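K.L.:
Hey, dropping coords-v5.txt in here, compact mmCIF, C-alpha atoms:
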```
# COMPACT_ATOMS: atom_id res chain seq x y z
CA MET R 57 16.95 30.26 75.19
CA MET R 58 17.07 33.26 72.85
CA LYS R 59 20.75 32.59 71.99
CA PHE R 60 19.86 28.97 71.21
CA PHE R 61 17.10 30.10 68.80
CA ARG R 62 19.36 32.65 67.08
CA PHE R 63 22.11 30.06 66.60
CA TYR R 64 19.78 27.56 64.91
CA ALA R 65 18.16 30.30 62.82
CA LEU R 66 21.61 31.34 61.61
CA VAL R 67 22.63 27.74 60.82
CA PHE R 68 19.35 27.13 58.97
CA SER R 69 19.79 30.33 56.93
CA VAL R 70 23.35 29.41 55.89
CA VAL R 71 22.33 25.87 54.88
CA ALA R 72 19.35 27.18 52.89
CA LEU R 73 21.53 29.76 51.13
CA LEU R 74 24.15 27.18 50.17
CA ALA R 75 21.50 24.77 48.89
CA ALA R 76 19.86 27.51 46.80
CA CYS R 77 23.11 28.56 45.18
CA GLY R 78 24.43 25.16 44.17
CA SER R 79 27.08 24.86 41.55
CA THR R 80 26.33 25.45 37.88
CA GLU R 81 28.16 25.06 34.61
CA ASP R 82 27.76 27.17 31.45
CA PHE R 83 27.20 25.62 28.02
CA ASP R 84 26.91 27.35 24.66
CA ALA R 85 24.08 26.34 22.35
CA SER R 86 22.31 27.78 19.34
CA ILE R 87 19.05 27.37 17.51
CA GLN R 88 18.48 28.15 13.85
CA LEU R 89 15.17 28.36 12.08
CA ASP R 90 13.37 29.85 9.12
CA VAL R 91 10.64 32.35 10.01
CA SER R 92 8.06 33.23 7.39
CA ALA R 93 4.80 35.02 6.63
CA GLU R 94 2.48 35.43 3.70
CA GLY R 95 2.11 38.84 2.06
CA PRO R 96 1.19 41.40 1.12
CA PHE R 97 3.22 43.43 3.62
CA PHE R 98 2.31 46.95 4.58
CA SER R 99 4.37 49.89 5.76
CA GLY R 100 5.13 49.38 9.46
CA PRO R 101 5.68 46.23 11.53
CA ASN R 102 4.96 42.87 9.88
CA THR R 103 5.49 39.61 11.78
CA LEU R 104 7.24 36.52 10.50
CA GLN R 105 7.13 33.46 12.74
CA ALA R 106 8.15 29.85 13.23
CA GLU R 107 7.42 27.24 15.84
CA TYR R 108 10.45 25.80 17.62
CA THR R 109 10.12 22.32 19.14
CA VAL R 110 12.37 22.02 22.18
CA ASN R 111 14.74 19.05 21.99
CA LEU R 112 17.14 19.32 24.92
CA LYS R 113 19.21 16.35 23.69
CA SER R 114 20.17 18.18 20.50
CA LEU R 115 21.00 21.56 22.05
CA ILE R 116 24.29 20.73 23.75
CA ALA R 117 26.53 18.08 22.23
CA ASN R 118 27.49 15.22 24.55
CA LYS R 119 25.49 16.67 27.46
CA GLU R 120 22.37 14.96 28.75
CA PHE R 121 20.14 17.14 30.89
CA THR R 122 16.49 17.70 31.70
CA ALA R 123 14.36 20.81 32.02
CA ASN R 124 14.82 20.61 35.80
CA ASP R 125 18.59 21.01 35.32
CA ILE R 126 18.16 24.41 33.63
CA LYS R 127 18.90 27.23 36.05
CA GLU R 128 19.17 30.05 33.50
CA VAL R 129 19.26 30.67 29.74
CA LYS R 130 20.67 33.91 28.36
CA VAL R 131 20.82 35.27 24.81
CA LYS R 132 24.37 35.72 23.60
CA SER R 133 23.58 37.01 20.10
CA VAL R 134 20.90 37.03 17.41
CA THR R 135 21.62 37.11 13.69
CA ILE R 136 18.99 37.46 10.97
CA LYS R 137 19.63 36.78 7.32
CA ILE R 138 17.37 37.36 4.35
CA PRO R 139 17.91 34.40 1.99
CA GLU R 140 20.36 34.83 -0.92
CA GLY R 141 18.60 35.81 -4.13
CA ASP R 142 15.70 37.57 -2.40
CA ALA R 143 15.03 40.91 -4.08
CA ILE R 144 14.50 42.68 -0.75
CA GLY R 145 17.44 43.88 1.36
CA ILE R 146 17.80 45.14 4.89
CA ASP R 147 17.69 48.72 3.59
CA SER R 148 13.93 48.16 3.05
CA PHE R 149 13.32 48.20 6.82
CA ASN R 150 13.40 50.79 9.61
CA ASN R 151 14.02 48.31 12.44
CA VAL R 152 13.64 44.69 13.49
CA VAL R 153 12.65 43.01 16.77
CA VAL R 154 12.91 39.33 17.77
CA GLN R 155 10.60 37.92 20.44
CA LEU R 156 9.73 34.57 21.97
CA ALA R 157 6.13 33.65 22.79
CA SER R 158 4.27 30.65 24.21
CA ASP R 159 1.16 29.71 26.10
CA ASN R 160 3.08 29.22 29.35
CA ALA R 161 5.56 32.12 29.42
CA PRO R 162 5.17 35.86 28.85
CA MET R 163 6.15 37.23 25.43
CA THR R 164 9.78 38.27 25.73
CA ASN R 165 11.89 40.60 23.57
CA ILE R 166 15.29 39.02 23.06
CA ALA R 167 16.90 41.32 20.47
CA ILE R 168 16.38 44.56 18.55
CA LEU R 169 18.07 46.73 15.99
CA ASN R 170 16.73 50.27 15.70
CA PRO R 171 17.48 51.93 13.40
CA ILE R 172 18.77 49.67 10.67
CA ASN R 173 21.66 51.33 8.84
CA GLY R 174 23.33 49.77 5.86
CA ASN R 175 22.46 47.32 3.17
CA GLY R 176 22.99 43.68 2.32
CA ASN R 177 21.06 40.73 3.64
CA GLU R 178 22.40 39.98 7.16
CA LEU R 179 22.12 41.74 10.53
CA THR R 180 23.41 41.13 14.02
CA LEU R 181 20.96 42.54 16.54
CA THR R 182 21.53 43.98 19.99
CA SER R 183 20.65 41.18 22.41
CA SER R 184 18.77 41.72 25.63
CA ALA R 185 21.09 40.62 28.44
CA ASP R 186 18.20 40.86 30.92
CA ALA R 187 15.85 38.56 29.02
CA GLU R 188 14.92 35.55 31.15
CA ILE R 189 14.06 32.80 28.71
CA GLU R 190 14.66 29.55 30.61
CA ASP R 191 10.88 28.95 30.90
CA PHE R 192 10.66 28.64 27.11
CA PHE R 193 13.11 25.72 27.15
CA LYS R 194 11.09 23.95 29.86
CA GLN R 195 8.17 23.55 27.44
CA GLU R 196 7.52 21.33 24.44
CA LYS R 197 7.56 24.24 21.98
CA PHE R 198 7.46 27.99 21.59
CA ILE R 199 7.14 30.58 18.82
CA VAL R 200 9.96 32.77 17.49
CA LEU R 201 8.61 36.06 16.13
CA VAL R 202 10.50 38.51 13.91
CA ASP R 203 8.90 41.92 13.43
CA TRP R 204 10.32 43.64 10.34
CA ASP R 205 9.28 47.32 10.16
CA PHE R 206 8.78 47.89 6.41
CA LYS R 207 9.58 51.37 5.09
CA GLU R 208 6.88 51.01 2.43
CA ASP R 209 4.23 48.57 1.23
CA SER R 210 5.38 45.38 -0.50
CA MET R 211 3.03 43.24 -2.56
CA ARG R 212 5.34 40.21 -2.43
CA PRO R 213 3.45 36.95 -1.78
CA GLU R 214 5.68 35.79 1.09
CA MET R 215 8.84 36.52 3.02
CA HIS R 216 11.41 34.35 4.79
CA SER R 217 14.27 35.11 7.15
CA ASN R 218 16.85 32.80 8.71
CA VAL R 219 17.30 33.37 12.43
CA LYS R 220 20.24 32.14 14.50
CA ILE R 221 20.02 32.58 18.27
CA ASP R 222 23.21 31.90 20.22
CA LEU R 223 22.51 31.00 23.85
CA VAL R 224 24.27 30.29 27.11
CA PHE R 225 22.68 27.58 29.27
CA LYS R 226 23.51 27.64 32.96
CA LEU R 227 22.90 24.07 34.14
CA LYS R 228 22.83 22.71 37.68
CA GLN R 229 25.64 20.28 38.48
```
Can I see the file as C-alpha cells?
P.N.:
Amino acid sequence: MMKFFRFYALVFSVVALLAACGSTEDFDASIQLDVSAEGPFFSGPNTLQAEYTVNLKSLIANKEFTANDIKEVKVKSVTIKIPEGDAIGIDSFNNVVVQLASDNAPMTNIAILNPINGNGNELTLTSSADAEIEDFFKQEKFIVLVDWDFKEDSMRPEMHSNVKIDLVFKLKQ
C-alpha cells in the first residue's frame, strides 16, 4: 500500500512540475515616454513622472497576447535623454534612478546610474536584472518615475526627459 501511494505521489509531482514549467518564448519590446515636472528644482532628488497606459497589442509587432500569457518581463536597458536645446546637461546631476509605481504593484527600481560622470544630454543606466515587473503590464496603467539628483538649486519652470525602456517579455506558448 505504501509503495502504491509513493508511486502516485511521484507521478503527480512530475506532472505538476511539467505543467508549471510550460514552454515560453522571448520577445523584445520597448516603451518610450516623456517624463516631466514643474519647477523650481532644489538640490537633491527631484521626481519627473509620466503615466504609461498599457497596450499589449502595440508592444510586440505581429504578436497577439493577453496579460495571462505574460510569464515574466525583464528590463534589458534604460536610456534617458534630456531634450536637445535644453540648457541643462547631465553634468548638473549627481545620480539618476528610474522606478515603476502603481496602485496594484510595489514600487520597483528598474535602473540607476550613480555617480553620473561625463557631460552631454544622454545616459544609459545600469538596469536591474532582478526587477520583477510583469505585474505592471497586467494592469491598465502605471507610473514611470525618474529621480534626478540635482547638484544645486535650479529655478527653471519645468523639466522634461525622454525615457526609453527596452524589455524582454517571456510569454507562455
K.L.:
What gap, in Å, lies between CA of Lys226 (chain R) and CA of Leu104 (chain R)?
P.N.:
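Those two atoms sit 29.1 Å apart.
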K.L.:
Find the residues near region 93-98 of chain R: any atom within 8 Å, counting only C-alpha atoms, skip ones fewer than 4 places away on the same chain, and give them as number ranges by chain.
P.N.:
R: 102-105, 206, 208-216
K.L.:
Just write the chosen residues, C-alpha atoms, as a PDB file, keeping the file's coordinate frame.
P.N.:
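What ended up in again.pdb:
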```
ATOM      1  CA  ASN R 102       4.960  42.870   9.880  1.00  0.00           C
ATOM      2  CA  THR R 103       5.490  39.610  11.780  1.00  0.00           C
ATOM      3  CA  LEU R 104       7.240  36.520  10.500  1.00  0.00           C
ATOM      4  CA  GLN R 105       7.130  33.460  12.740  1.00  0.00           C
ATOM      5  CA  PHE R 206       8.780  47.890   6.410  1.00  0.00           C
ATOM      6  CA  GLU R 208       6.880  51.010   2.430  1.00  0.00           C
ATOM      7  CA  ASP R 209       4.230  48.570   1.230  1.00  0.00           C
ATOM      8  CA  SER R 210       5.380  45.380  -0.500  1.00  0.00           C
ATOM      9  CA  MET R 211       3.030  43.240  -2.560  1.00  0.00           C
ATOM     10  CA  ARG R 212       5.340  40.210  -2.430  1.00  0.00           C
ATOM     11  CA  PRO R 213       3.450  36.950  -1.780  1.00  0.00           C
ATOM     12  CA  GLU R 214       5.680  35.790   1.090  1.00  0.00           C
ATOM     13  CA  MET R 215       8.840  36.520   3.020  1.00  0.00           C
ATOM     14  CA  HIS R 216      11.410  34.350   4.790  1.00  0.00           C
TER      15      HIS R 216
END
```
K.L.:
Ranking R:Ala161, R:Ala106, R:Ile136, R:Val154 by minimum distance to Gln195 (chain R) and counting only C-alpha atoms, which one comes first?
P.N.:
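Nearest candidate to Gln195 (chain R) out of R:Ala161, R:Ala106, R:Ile136, R:Val154: R:Ala161.
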K.L.:
Listing only residues of region 149-181 of chain R within 9 Å of region 122-133 of chain R, what is the closest atom pair and its distance in Å (to one decimal) for each, using all atoms listed in the file, sorted by chain and residue number ascending, as JSON lines?
P.N.:
```
{"residue": "R:Ile166", "atom": "CA", "partner": "R:Val131", "partner_atom": "CA", "distance": 6.9}
{"residue": "R:Ala167", "atom": "CA", "partner": "R:Ser133", "partner_atom": "CA", "distance": 8.0}
{"residue": "R:Thr180", "atom": "CA", "partner": "R:Ser133", "partner_atom": "CA", "distance": 7.3}
{"residue": "R:Leu181", "atom": "CA", "partner": "R:Ser133", "partner_atom": "CA", "distance": 7.1}
```
K.L.:
Let me make sure I understand: among R:Thr80, R:Thr164, R:Ser114, R:Asn150, which one has the smallest atom-to-atom distance to Ser99 (chain R) if we use only C-alpha atoms?
P.N.:
R:Asn150
K.L.:
Could you tell me, as a list in words, which residues have any atom at most 12 Å from (22.4, 17.1, 21.3), counting only C-alpha atoms?
P.N.:
Phe83, Asp84, Ala85, Ser86, Ile87, Val110, Asn111, Leu112, Lys113, Ser114, Leu115, Ile116, Ala117, Asn118, Lys119, Glu120, Phe121 and Thr122 of chain R
K.L.:
Rounded to one decimal place, report the CA of Ser183 (chain R)-CA of Glu140 (chain R) distance in Å.
P.N.:
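Computed distance, CA of Ser183 (chain R) to CA of Glu140 (chain R), equals 24.2 Å.
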K.L.:
Just checking: using only C-alpha atoms, which residue out of R:Thr135, R:Gln155, R:Gln229, R:Ser148 ends up closest to Thr182 (chain R)?
P.N.:
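Result for the nearest residue to Thr182 (chain R): R:Thr135.
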K.L.:
Of the residues R:Val152, R:Val219, R:Leu89, R:Leu179, which is the one nearest to Trp204 (chain R), using only C-alpha atoms?
P.N.:
R:Val152
K.L.:
Report the distance between CA of Ser92 (chain R) and CA of Ile138 (chain R) in Å, rounded to one decimal place.
P.N.:
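CA of Ser92 (chain R) sits 10.6 Å away from CA of Ile138 (chain R).
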K.L.:
Contacts of Lys197 (chain R) at 9 Å or less, counting all atoms listed in the file, minus same-chain residues fewer than 4 places along, as a short mmCIF file (atom, residue, chain, number, x, y, z; two decimals) with C-alpha atoms, in the coordinates of the input?
P.N.:
```cif
data_model
loop_
_atom_site.label_atom_id
_atom_site.label_comp_id
_atom_site.auth_asym_id
_atom_site.auth_seq_id
_atom_site.Cartn_x
_atom_site.Cartn_y
_atom_site.Cartn_z
CA GLU R 107 7.42 27.24 15.84
CA TYR R 108 10.45 25.80 17.62
CA THR R 109 10.12 22.32 19.14
CA VAL R 110 12.37 22.02 22.18
CA ASN R 111 14.74 19.05 21.99
CA SER R 158 4.27 30.65 24.21
CA PHE R 192 10.66 28.64 27.11
CA PHE R 193 13.11 25.72 27.15
#
```
K.L.:
Counting only C-alpha atoms, what is within 10 Å of Pro162 (chain R), bar same-chain residues fewer than 3 positions away, as an NGL selection string?
P.N.:
:R and (156-159 or 165 or 189 or 191-192)
K.L.:
Could you tell me which of R:Val91, R:Leu227, R:Lys220, R:Asn160 comes closest to Phe198 (chain R) if we count all atoms listed in the file?
P.N.:
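Of R:Val91, R:Leu227, R:Lys220, R:Asn160, the one nearest Phe198 (chain R), counting all atoms listed in the file, is R:Asn160.
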K.L.:
Adding 5 Å on each side of the box along x, y and z that holds all listed atoms of region 93-96 of chain R, could you give its centre and edge lengths in Å to one decimal, as lines of an AutoDock Vina configuration file?
P.N.:
```
center_x = 3.0
center_y = 38.2
center_z = 3.9
size_x = 13.6
size_y = 16.4
size_z = 15.5
```
K.L.:
Looking at R:Ile168, R:Asn173, R:Asp90, R:Glu81, which one is nearest to Pro139 (chain R), with distances taken over only C-alpha atoms?
P.N.:
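Under the stated criterion, the closest residue is R:Asp90.
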